[in-house]
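These notes are about the structure you will find just below.
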Amino acid sequence: MSRLVTNPRHGELRNLLSIADLGPDVAAGIGEVMTLTDSFVEVSERTIPKVPALRGRTVVSLFFEDSTRTRLSFETAAKRLSADTMNFSVSTSSVKKGESLRDTIETIEAMGVDAIVVRHSSAGVPLQIARWAQSAVINAGDGWHEHPTQALLDCYTIRQRFGDLAGRRIAIVGDIRHSRVARSDVAAFTALGAEVTLVAPPTLLPPSLEGWPVKVSHDLDEMLPELDVCYLLRMQRERMTEALIPSLREYVARYGLDAARADRLPEHALIMHPGPMNRGVEINAEVADRPNTVIIDQVRNGVAVRMAVLFLLLGSGTGWGGEVEG
Amino acid sequence: MSDARARKDDVSESAGWIIVGGTVIDRTGERRADVAIEPGGTVAAVGADLDLAALGLADATRLDATGCIVAPGLVDIHTHLREPGREEAETVETGSRAAALGGYTAVVAMPNTEPTIDSVAIVRQVLDAGVAAGLCDVRSSAAITMDRAGTTLTPMAELADLGVRIFTDDGCGVQDDRLMRRALEYASGLTVPVVLAQHCEVEALSEGGHMHEGEWSSRLGIPGIPAEAEELMVFRDIALSRLTGMRVHFQHLSTAGAVALVREAKAKGLPVTAEATPHHFTLTHAEVASYDPVFKVNPPLRTAEDVAAVKAGLADGTIDAIATDHAPHTADVKEAPFDIAPCGMLGLETALALGITELVEPGVLTMRELLALMSWNPAAIAGIADVHGRDIAPGAPAHLVVFDPAAEWTVDPSQFASKSDNTPYRGRVVRGKVRHTLLCGVPMVHDGKATR
């Protein structure tokens, strides 16, 4: 049986700045992305993994902060949909020197683009850009705020293994305070019915968790036997100089996922990480290569999820001509 | 000073003025009365059915005040005029015009200009520009420390001789405890009474922060500034006021804890005063959810509980004055990412309307209490109560504001006299509109329009 892939949100979803943009029913919005992603995973497995869905459309990646992985993932996704891609790399320092964000956006739009994929070290920049831009704006990570496509690919990866997220126990471990991944993941995982616990020393938690539908623990060991997913965040070395932790050694001793801790996870439990990993810090080198460690699946799914997001924002409501097995 | 301001032009070549049909409110109370003003700029008579001929004002021009309140001109003790150094955002002239349109007859310019107001030359420059503009009585504050760097004191005696009555490092607080103590002790020996005004912020706690630390900063991923950064310095300066016996004025109180500390200090009889801004009694940190830097200000917008505490402080006399912290910035710098954009919002042209809309109409304050907070109280803090905020009576200088408390209008920065348009109230419907502002008996604003 085959069916035509169409854009269920044609003309409706203008930007993807945060997980909440998929609302008002966030779970249904994520569900649409997941369904589309299924189709694009199938496309990605073809000999020629390319469909004409966004032919003639132009997607520009505007990265004010270095990120080879996310940029490559978006560009691959756009190319597999036959969109033209442009790459506009700007260093944050030139903006600090007085280059106006708005001028940059107006310059890019004058070239004729349909979507702008933005990464910036300052929270809120994609939202500011969306106020000025005519094209669709996709947040590829803004400061400590959100990274919605990462959360969507995380949901997809968990769903691939477990069918759904409802009732699943997920621990997000590490530097939650400075993590845009954590903010998007909490929004997405809880919208899909998962029970999320943030595991970190108090200094690495946000100052207030008012309104966050999560539990908090400072004890990873007590959590381990009950987890379905252990999601580790990257620990940055500069957190020590800010006196947020005494030393990397002490952090690893209490919150690092070493072999002994990994052994105490239930057999089915997944180990996830948004990358890039610090082997030997938040995750032990051997644990990183275990069968239930799905970090590579996350990267692979990232392309299909971003194809789904680009198609939701730019695709037509009448299908893209290519049929998929369904 | 007033002679220098009464420049001859269309409006000042008059045989006096009579403000007709309004309700006069000043410190002494409220009454229906007309106000007759001599050509020389002083109040000639106040009352119903004035005999203008007997006053020698038979040819006086009528200023209509029907439905209006006639009050002593407003006084802003916290205005950033940006001159010298940031003239693209505001000048003494444009800021004075904005002040007049907002009902102000006096403003105190803050010293965080480029260069800093820390020398006789720069104080003179600001005062001269004020006289040249002739729209408002522009007074100058001066920094407590040279270049506001927090290391050495400014020549306070010399600056006080030029008329400086408020010393402040506004934009930052004096971090060094010992230096602040010395500044207070030194100031207590000057031949004229001055006040040291503090921007309360302990930088070790606030550094790197861009909004109030709490629910919204956590959600938005913006580094926060805890309320305690303000409260610790309020606490310290209350202690230093006790130690030195010197007056301390607290600028832009924004937290419930800071209001409580000042209330307690006053109850113990310490010589402290405090101000609050319209934005700290009107807006909360939830506004930052838009990531629009027009809501970025220092101290930051706080919680609804803090807003309630500021209002309570205004109502019970803990807070003595409403000050605008008018802080113009050009559009291009305010279009930067939130954590890079500078702090500050406009205030002069909306303060009175916000006071009426947010405080008088909901019953937090009476109109006379609001006017106390915006006119005679700040005049006293600034040491200019001999000229501004005076009771409207024969012989007093005619620095007056006439406003319609019921007039409804929509905030539209394109209509502002300020050079900048960084108001957080764009599109907001408010009540209370200035009809006339008189400086030395001369209308600077006539029927809602600046006369020069």
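We name chains A, B, ... following the order of the structure tokens; residues begin at 1 in each chain, and ligands are numbered from 1 as shown.
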
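All chain B residues having an atom within 9 Å of chain A, based on only C-alpha atoms, amount to Glu213, Gly214, Glu215, Trp216, Ser217, Ser218, Arg219, Leu220, Gly221, Ile222, Pro223, Gly224, Ala289, Ser290, Tyr291, Asp292, Asp332, Val333, Glu335, Ala336, Pro337, Phe338, Asp339 and Ile340 of chain B.
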
- Message: Could you list, as a list in words, every residue within 12 Å of Leu162 in chain B, counting only C-alpha atoms and ignoring same-chain residues fewer than 6 positions away?
- Response: Ser119, Val120, Ala121, Ile122, Val123, Arg124, Gln125, Val126, Leu127, Asp128, Arg139, Ser140, Ser141, Ala142, Pro155, Met156 and Val192 of chain B

- Quick one: residues within 7 Å of range 242-257 of chain A, only C-alpha atoms counted, chain neighbours fewer than 5 positions away excluded, as a count of residues only? 8

- Message: Which residues are close to Ala393 in chain B, i.e. within 9 Å by only C-alpha atoms, leaving aside same-chain residues fewer than 6 positions away? Reply as JSON, numbers by chain.
- Response: {"B": [35, 43, 44, 45, 46]}

Just C-alpha atoms for this one: save the residues we selected as a PDB file, in the first residue's frame.
```pdb
ATOM      1  CA  VAL B  35      -4.851  81.159  39.133  1.00  0.00           C
ATOM      2  CA  VAL B  43       1.486  83.757  41.050  1.00  0.00           C
ATOM      3  CA  ALA B  44      -0.565  86.944  41.607  1.00  0.00           C
ATOM      4  CA  ALA B  45      -3.747  85.520  43.035  1.00  0.00           C
ATOM      5  CA  VAL B  46      -5.625  82.257  43.538  1.00  0.00           C
TER       6      VAL B  46
END
```

- Message: Can you tell me, as a VMD selection string, which residues in range 91-318 of chain A count as strand (DSSP E or B) by DSSP?
- Response: chain A and resid 115 to 120 136 to 142 146 169 to 173 195 to 199 215 to 217 229 to 232 257 270 to 272 279 283 293

Same residues, C-alpha atoms, output as a short mmCIF file (atom, residue, chain, number, x, y, z; two decimals), in the first residue's frame:
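Final file, selection.cif:
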```
data_model
loop_
_atom_site.label_atom_id
_atom_site.label_comp_id
_atom_site.auth_asym_id
_atom_site.auth_seq_id
_atom_site.Cartn_x
_atom_site.Cartn_y
_atom_site.Cartn_z
CA ALA A 115 13.33 29.54 5.59
CA ILE A 116 16.03 30.74 7.96
CA VAL A 117 17.60 28.22 10.32
CA VAL A 118 19.07 30.19 13.22
CA ARG A 119 21.62 29.31 15.87
CA HIS A 120 22.66 32.04 18.32
CA ALA A 136 9.87 30.81 8.14
CA VAL A 137 12.27 30.85 11.08
CA ILE A 138 13.54 27.63 12.66
CA ASN A 139 15.34 27.74 15.97
CA ALA A 140 18.47 25.59 15.80
CA GLY A 141 19.41 26.50 19.36
CA ASP A 142 19.31 29.86 21.16
CA GLU A 146 15.43 26.03 23.40
CA ARG A 169 10.53 7.49 33.34
CA ILE A 170 13.20 9.78 31.94
CA ALA A 171 16.09 11.32 33.89
CA ILE A 172 17.85 14.31 32.39
CA VAL A 173 21.24 14.42 34.07
CA GLU A 195 7.67 11.41 33.81
CA VAL A 196 10.76 13.59 33.79
CA THR A 197 13.22 13.94 36.66
CA LEU A 198 16.04 16.50 36.53
CA VAL A 199 19.17 15.11 38.18
CA LYS A 215 10.69 16.14 39.68
CA VAL A 216 14.17 16.94 40.94
CA SER A 217 16.81 14.66 42.39
CA VAL A 229 15.78 6.61 29.63
CA CYS A 230 18.94 8.10 31.08
CA TYR A 231 19.58 11.34 29.16
CA LEU A 232 23.03 12.80 29.80
CA LEU A 257 27.41 7.40 34.04
CA LEU A 270 18.15 3.74 26.80
CA ILE A 271 21.20 5.95 27.24
CA MET A 272 21.01 9.20 25.30
CA ARG A 279 33.85 10.46 27.06
CA ILE A 283 29.57 9.23 30.10
CA THR A 293 23.23 3.69 23.94
#
```

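Atom pair CA of Ala331 in chain B / CA of Gln134 in chain A: separated by 20.2 Å.
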
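Looking only at range 185-258 of chain A, the set that DSSP places in helix (DSSP H, G or I) from backbone geometry is A:Asp185, A:Val186, A:Ala187, A:Ala188, A:Phe189, A:Thr190, A:Ala191, A:Pro202, A:Thr203, A:Leu204, A:Leu220, A:Asp221, A:Glu222, A:Met223, A:Leu224, A:Pro225, A:Glu226, A:Glu238, A:Arg239, A:Met240, A:Thr241, A:Leu248, A:Arg249, A:Glu250, A:Tyr251, A:Val252, A:Ala253, A:Arg254, A:Tyr255.
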